[in-house]
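One structure is given here, and the rest of the page talks about it.
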Amino acid sequence: MQVLTQHEFQIIDATEQHLHLAKQVVKLIEEASKTPGTGIALRTEEYIAEKIKQGKAVIALHNGDNDMAGFCYIETWENKKYVANSGLVVSPKYRKSGLASEIKKRAFELSRKKYPNSKIFGLTTSLAVMKINTALGYVPVTFSEITQDDEFWQGCQTCNYYDILVRTKRDKCLCTGMLFDPKRRTTVL
């Protein structure tokens, strides 16, 4: 197992200088979506580029060669009442290094900085992401406790499990809903 060292990666807020990496991010998301048991919605290059331009993305670069190692973006819902950290991906060669946890932590910090009073939520099928979220102070919740914004749920259409969500009228899915409420929880990390 590769061990992450502090100096091996730069985990930073993405800026317009990283726009050229949007295509790589989309490819990583597409690859991750093909992994059995992974529920991740596909995104377009334009969508990822827009998140970068808006200052709503975190990127990890490998220090040795400036290789794009991972990515996560944030989105707001219901007039900033809710924030989602989404699209967490790590390049296969850097997986199992602890990098996903560091990227998610940075996205969480960016969300808290930009939207300190917002509830932060996520949907995931990944046990690793559930553990990361728990360490950040999220708790499992029913879907009724997260955004009900139709546009958010439409974003799930490209996920492999969307049919389950539709059949259950957005009540259940293979994903677990997790929520950080700044009024009730404090982070562990």
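Chain labels follow the order of the structure tokens: the first chain is A, the next B, and so on; residue numbering restarts at 1 in every chain, and ligands are counted from 1 in their shown order.
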Closest-contact table, segment 35-145 of chain A side, partner segment 22-30 of chain A, 8 Å, counting only C-alpha atoms, as a Markdown table:
| residue | atom | partner | partner_atom | distance |
| --- | --- | --- | --- | --- |
| A:Ile40 | CA | A:Ile29 | CA | 7.3 |
| A:Ala41 | CA | A:Ile29 | CA | 7.8 |
| A:Leu42 | CA | A:Glu30 | CA | 6.2 |
| A:Arg43 | CA | A:Val26 | CA | 6.3 |
| A:Thr44 | CA | A:Val26 | CA | 6.4 |
| A:Glu45 | CA | A:Lys23 | CA | 5.5 |
| A:Glu46 | CA | A:Ala22 | CA | 7.8 |
| A:Ile48 | CA | A:Ala22 | CA | 5.8 |
| A:Ala49 | CA | A:Ala22 | CA | 5.7 |
| A:Met68 | CA | A:Gln24 | CA | 7.8 |
| A:Gly70 | CA | A:Val25 | CA | 7.8 |
| A:Phe71 | CA | A:Val25 | CA | 6.9 |
| A:Gly87 | CA | A:Ile29 | CA | 7.0 |
| A:Val89 | CA | A:Ile29 | CA | 6.4 |
| A:Val90 | CA | A:Leu28 | CA | 7.4 |
| A:Ser91 | CA | A:Leu28 | CA | 6.7 |
**Request:** Within 6 Å of segment 119-132 of chain A, counting only C-alpha atoms, which residues show up once you throw out same-chain ones fewer than 3 positions away? Write them as a PyMOL selection string, please.
**Result:** chain A and resi 38-39+82-84+101+135+175-181
**Asked** Excluding same-chain residues fewer than 2 positions from Arg95 of chain A, what lies within 12 Å of it counting only C-alpha atoms, as a ChimeraX atom specification?
**Response** /A:1-4,32,69-70,88-93,97-103,128
**Request:** Name the residues of segment 46-94 of chain A that come out as alpha helix (DSSP H) in a backbone DSSP run; write them as a PyMOL selection string.
**Result:** chain A and resi 46-53
**Prompt:** Please, what distance in Å, to one decimal, runs between atom CA of Pro182 of chain A and atom CA of Lys81 of chain A?
**Reply:** 11.3 Å
Residues within 8 Å of Ala107 of chain A, please, as a short mmCIF file (atom, residue, chain, number, x, y, z; two decimals) with N, CA and C atoms, in the first residue's frame. Count only C-alpha atoms; anything in the same chain fewer than 3 positions from it doesn't count.
data_model
loop_
_atom_site.label_atom_id
_atom_site.label_comp_id
_atom_site.auth_asym_id
_atom_site.auth_seq_id
_atom_site.Cartn_x
_atom_site.Cartn_y
_atom_site.Cartn_z
N ALA A 57 -13.87 24.17 -6.79
CA ALA A 57 -13.24 22.88 -7.06
C ALA A 57 -11.90 22.79 -6.35
N VAL A 58 -11.53 21.57 -6.06
CA VAL A 58 -10.25 21.25 -5.43
C VAL A 58 -9.54 20.26 -6.34
N CYS A 72 -12.31 17.16 -6.80
CA CYS A 72 -13.62 17.20 -6.17
C CYS A 72 -14.19 18.60 -6.40
N TYR A 73 -15.50 18.71 -6.56
CA TYR A 73 -16.10 20.03 -6.72
C TYR A 73 -17.25 20.21 -5.73
N ILE A 74 -17.67 21.46 -5.58
CA ILE A 74 -18.80 21.75 -4.70
C ILE A 74 -19.91 22.43 -5.49
N ASN A 85 -20.41 18.22 -1.75
CA ASN A 85 -19.05 17.94 -2.24
C ASN A 85 -19.20 16.73 -3.14
N ILE A 103 -8.24 15.18 -0.26
CA ILE A 103 -9.00 15.99 -1.22
C ILE A 103 -10.37 16.33 -0.63
N LYS A 104 -11.03 15.34 -0.07
CA LYS A 104 -12.36 15.55 0.52
C LYS A 104 -12.27 16.55 1.67
N LEU A 110 -13.19 24.17 1.99
CA LEU A 110 -13.60 25.20 1.02
C LEU A 110 -15.10 25.47 1.15
N SER A 111 -15.88 24.42 1.32
CA SER A 111 -17.33 24.57 1.49
C SER A 111 -17.65 25.36 2.76
#
**Message:** Counting only C-alpha atoms, which residue out of A:Glu50, A:Asp150, A:Glu109, A:Asp163 sits closest to Glu78 of chain A?
**Reply:** A:Asp150
**Prompt:** Any idea what the distance is between atom CA of Ser118 of chain A and atom CA of Thr76 of chain A?
**Reply:** 8.8 Å
**Asked** At what distance in Å, to one decimal, does atom CA of Glu16 of chain A lie from atom CA of Gln157 of chain A?
**Response**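 Here the two named atoms are 28.0 Å from each other.
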**Item:** In segment 33-183 of chain A, DSSP strand (DSSP E) residues written as a PyMOL selection string
**Value:** chain A and resi 57-62+68-77+82-90+119-124+139-141+176-180
I need the chosen residues saved as an mmCIF file, in the first residue's frame, with N, CA and C atoms.
data_model
loop_
_atom_site.group_PDB
_atom_site.id
_atom_site.type_symbol
_atom_site.label_atom_id
_atom_site.label_comp_id
_atom_site.auth_asym_id
_atom_site.auth_seq_id
_atom_site.Cartn_x
_atom_site.Cartn_y
_atom_site.Cartn_z
ATOM 1 N N ALA A 57 -13.874 24.174 -6.787
ATOM 2 C CA ALA A 57 -13.241 22.885 -7.056
ATOM 3 C C ALA A 57 -11.897 22.794 -6.352
ATOM 4 N N VAL A 58 -11.528 21.565 -6.057
ATOM 5 C CA VAL A 58 -10.248 21.254 -5.431
ATOM 6 C C VAL A 58 -9.542 20.256 -6.338
ATOM 7 N N ILE A 59 -8.257 20.454 -6.501
ATOM 8 C CA ILE A 59 -7.481 19.576 -7.365
ATOM 9 C C ILE A 59 -6.230 19.120 -6.619
ATOM 10 N N ALA A 60 -5.824 17.900 -6.902
ATOM 11 C CA ALA A 60 -4.577 17.375 -6.338
ATOM 12 C C ALA A 60 -3.609 17.142 -7.484
ATOM 13 N N LEU A 61 -2.414 17.671 -7.331
ATOM 14 C CA LEU A 61 -1.366 17.512 -8.338
ATOM 15 C C LEU A 61 -0.190 16.780 -7.705
ATOM 16 N N HIS A 62 0.365 15.849 -8.461
ATOM 17 C CA HIS A 62 1.548 15.132 -7.984
ATOM 18 C C HIS A 62 2.746 16.056 -8.157
ATOM 19 N N MET A 68 -2.157 15.341 -12.766
ATOM 20 C CA MET A 68 -3.434 15.500 -12.081
ATOM 21 C C MET A 68 -3.724 14.195 -11.343
ATOM 22 N N ALA A 69 -3.797 14.277 -10.010
ATOM 23 C CA ALA A 69 -3.940 13.071 -9.189
ATOM 24 C C ALA A 69 -5.352 12.877 -8.663
ATOM 25 N N GLY A 70 -6.131 13.955 -8.522
ATOM 26 C CA GLY A 70 -7.484 13.828 -7.999
ATOM 27 C C GLY A 70 -8.241 15.132 -8.073
ATOM 28 N N PHE A 71 -9.547 15.047 -7.778
ATOM 29 C CA PHE A 71 -10.422 16.203 -7.981
ATOM 30 C C PHE A 71 -11.698 16.038 -7.166
ATOM 31 N N CYS A 72 -12.307 17.157 -6.801
ATOM 32 C CA CYS A 72 -13.624 17.198 -6.170
ATOM 33 C C CYS A 72 -14.188 18.597 -6.401
ATOM 34 N N TYR A 73 -15.496 18.710 -6.555
ATOM 35 C CA TYR A 73 -16.101 20.028 -6.721
ATOM 36 C C TYR A 73 -17.248 20.209 -5.732
ATOM 37 N N ILE A 74 -17.670 21.463 -5.578
ATOM 38 C CA ILE A 74 -18.796 21.753 -4.698
ATOM 39 C C ILE A 74 -19.909 22.432 -5.487
ATOM 40 N N GLU A 75 -21.121 22.225 -5.001
ATOM 41 C CA GLU A 75 -22.299 22.797 -5.631
ATOM 42 C C GLU A 75 -23.255 23.230 -4.528
ATOM 43 N N THR A 76 -24.012 24.295 -4.780
ATOM 44 C CA THR A 76 -24.982 24.757 -3.785
ATOM 45 C C THR A 76 -26.403 24.510 -4.281
ATOM 46 N N TRP A 77 -27.308 24.352 -3.315
ATOM 47 C CA TRP A 77 -28.701 24.057 -3.615
ATOM 48 C C TRP A 77 -29.604 24.842 -2.674
ATOM 49 N N TYR A 82 -27.992 24.264 1.233
ATOM 50 C CA TYR A 82 -27.264 22.995 1.163
ATOM 51 C C TYR A 82 -26.073 23.125 0.223
ATOM 52 N N VAL A 83 -25.001 22.442 0.580
ATOM 53 C CA VAL A 83 -23.809 22.352 -0.264
ATOM 54 C C VAL A 83 -23.482 20.873 -0.431
ATOM 55 N N ALA A 84 -23.091 20.483 -1.625
ATOM 56 C CA ALA A 84 -22.658 19.110 -1.863
ATOM 57 C C ALA A 84 -21.199 19.113 -2.314
ATOM 58 N N ASN A 85 -20.406 18.218 -1.747
ATOM 59 C CA ASN A 85 -19.054 17.939 -2.239
ATOM 60 C C ASN A 85 -19.202 16.733 -3.138
ATOM 61 N N SER A 86 -18.968 16.899 -4.418
ATOM 62 C CA SER A 86 -19.272 15.845 -5.388
ATOM 63 C C SER A 86 -18.101 15.563 -6.307
ATOM 64 N N GLY A 87 -18.245 14.473 -7.048
ATOM 65 C CA GLY A 87 -17.274 14.133 -8.078
ATOM 66 C C GLY A 87 -15.891 13.822 -7.545
ATOM 67 N N LEU A 88 -15.800 13.303 -6.326
ATOM 68 C CA LEU A 88 -14.497 12.956 -5.760
ATOM 69 C C LEU A 88 -13.904 11.791 -6.549
ATOM 70 N N VAL A 89 -12.776 12.057 -7.199
ATOM 71 C CA VAL A 89 -12.081 11.016 -7.956
ATOM 72 C C VAL A 89 -10.579 11.119 -7.703
ATOM 73 N N VAL A 90 -9.946 9.958 -7.751
ATOM 74 C CA VAL A 90 -8.493 9.872 -7.612
ATOM 75 C C VAL A 90 -7.979 8.996 -8.749
ATOM 76 N N LYS A 119 -25.685 23.477 5.277
ATOM 77 C CA LYS A 119 -25.558 22.054 5.563
ATOM 78 C C LYS A 119 -24.827 21.427 4.381
ATOM 79 N N ILE A 120 -23.878 20.558 4.666
ATOM 80 C CA ILE A 120 -23.105 19.906 3.608
ATOM 81 C C ILE A 120 -23.559 18.457 3.529
ATOM 82 N N PHE A 121 -23.903 18.020 2.338
ATOM 83 C CA PHE A 121 -24.398 16.656 2.199
ATOM 84 C C PHE A 121 -23.698 15.938 1.042
ATOM 85 N N GLY A 122 -23.875 14.650 1.038
ATOM 86 C CA GLY A 122 -23.349 13.838 -0.043
ATOM 87 C C GLY A 122 -24.139 12.561 -0.157
ATOM 88 N N LEU A 123 -24.077 11.976 -1.336
ATOM 89 C CA LEU A 123 -24.631 10.652 -1.603
ATOM 90 C C LEU A 123 -23.462 9.789 -2.043
ATOM 91 N N THR A 124 -23.369 8.596 -1.494
ATOM 92 C CA THR A 124 -22.253 7.740 -1.889
ATOM 93 C C THR A 124 -22.590 6.266 -1.720
ATOM 94 N N VAL A 139 -23.264 12.598 9.281
ATOM 95 C CA VAL A 139 -24.009 11.450 9.796
ATOM 96 C C VAL A 139 -24.918 10.928 8.683
ATOM 97 N N PRO A 140 -25.206 9.624 8.686
ATOM 98 C CA PRO A 140 -26.151 9.083 7.695
ATOM 99 C C PRO A 140 -27.547 9.663 7.923
ATOM 100 N N VAL A 141 -28.231 9.984 6.846
ATOM 101 C CA VAL A 141 -29.584 10.546 6.922
ATOM 102 C C VAL A 141 -30.450 9.974 5.813
ATOM 103 N N THR A 176 -25.945 6.053 0.070
ATOM 104 C CA THR A 176 -26.262 6.480 1.427
ATOM 105 C C THR A 176 -26.188 8.002 1.454
ATOM 106 N N GLY A 177 -27.218 8.624 2.012
ATOM 107 C CA GLY A 177 -27.200 10.066 2.196
ATOM 108 C C GLY A 177 -26.460 10.389 3.486
ATOM 109 N N MET A 178 -25.584 11.387 3.428
ATOM 110 C CA MET A 178 -24.835 11.802 4.616
ATOM 111 C C MET A 178 -24.905 13.321 4.720
ATOM 112 N N LEU A 179 -24.974 13.813 5.953
ATOM 113 C CA LEU A 179 -25.185 15.244 6.165
ATOM 114 C C LEU A 179 -24.302 15.768 7.290
ATOM 115 N N PHE A 180 -23.691 16.916 7.039
ATOM 116 C CA PHE A 180 -22.999 17.680 8.074
ATOM 117 C C PHE A 180 -23.839 18.920 8.323
#
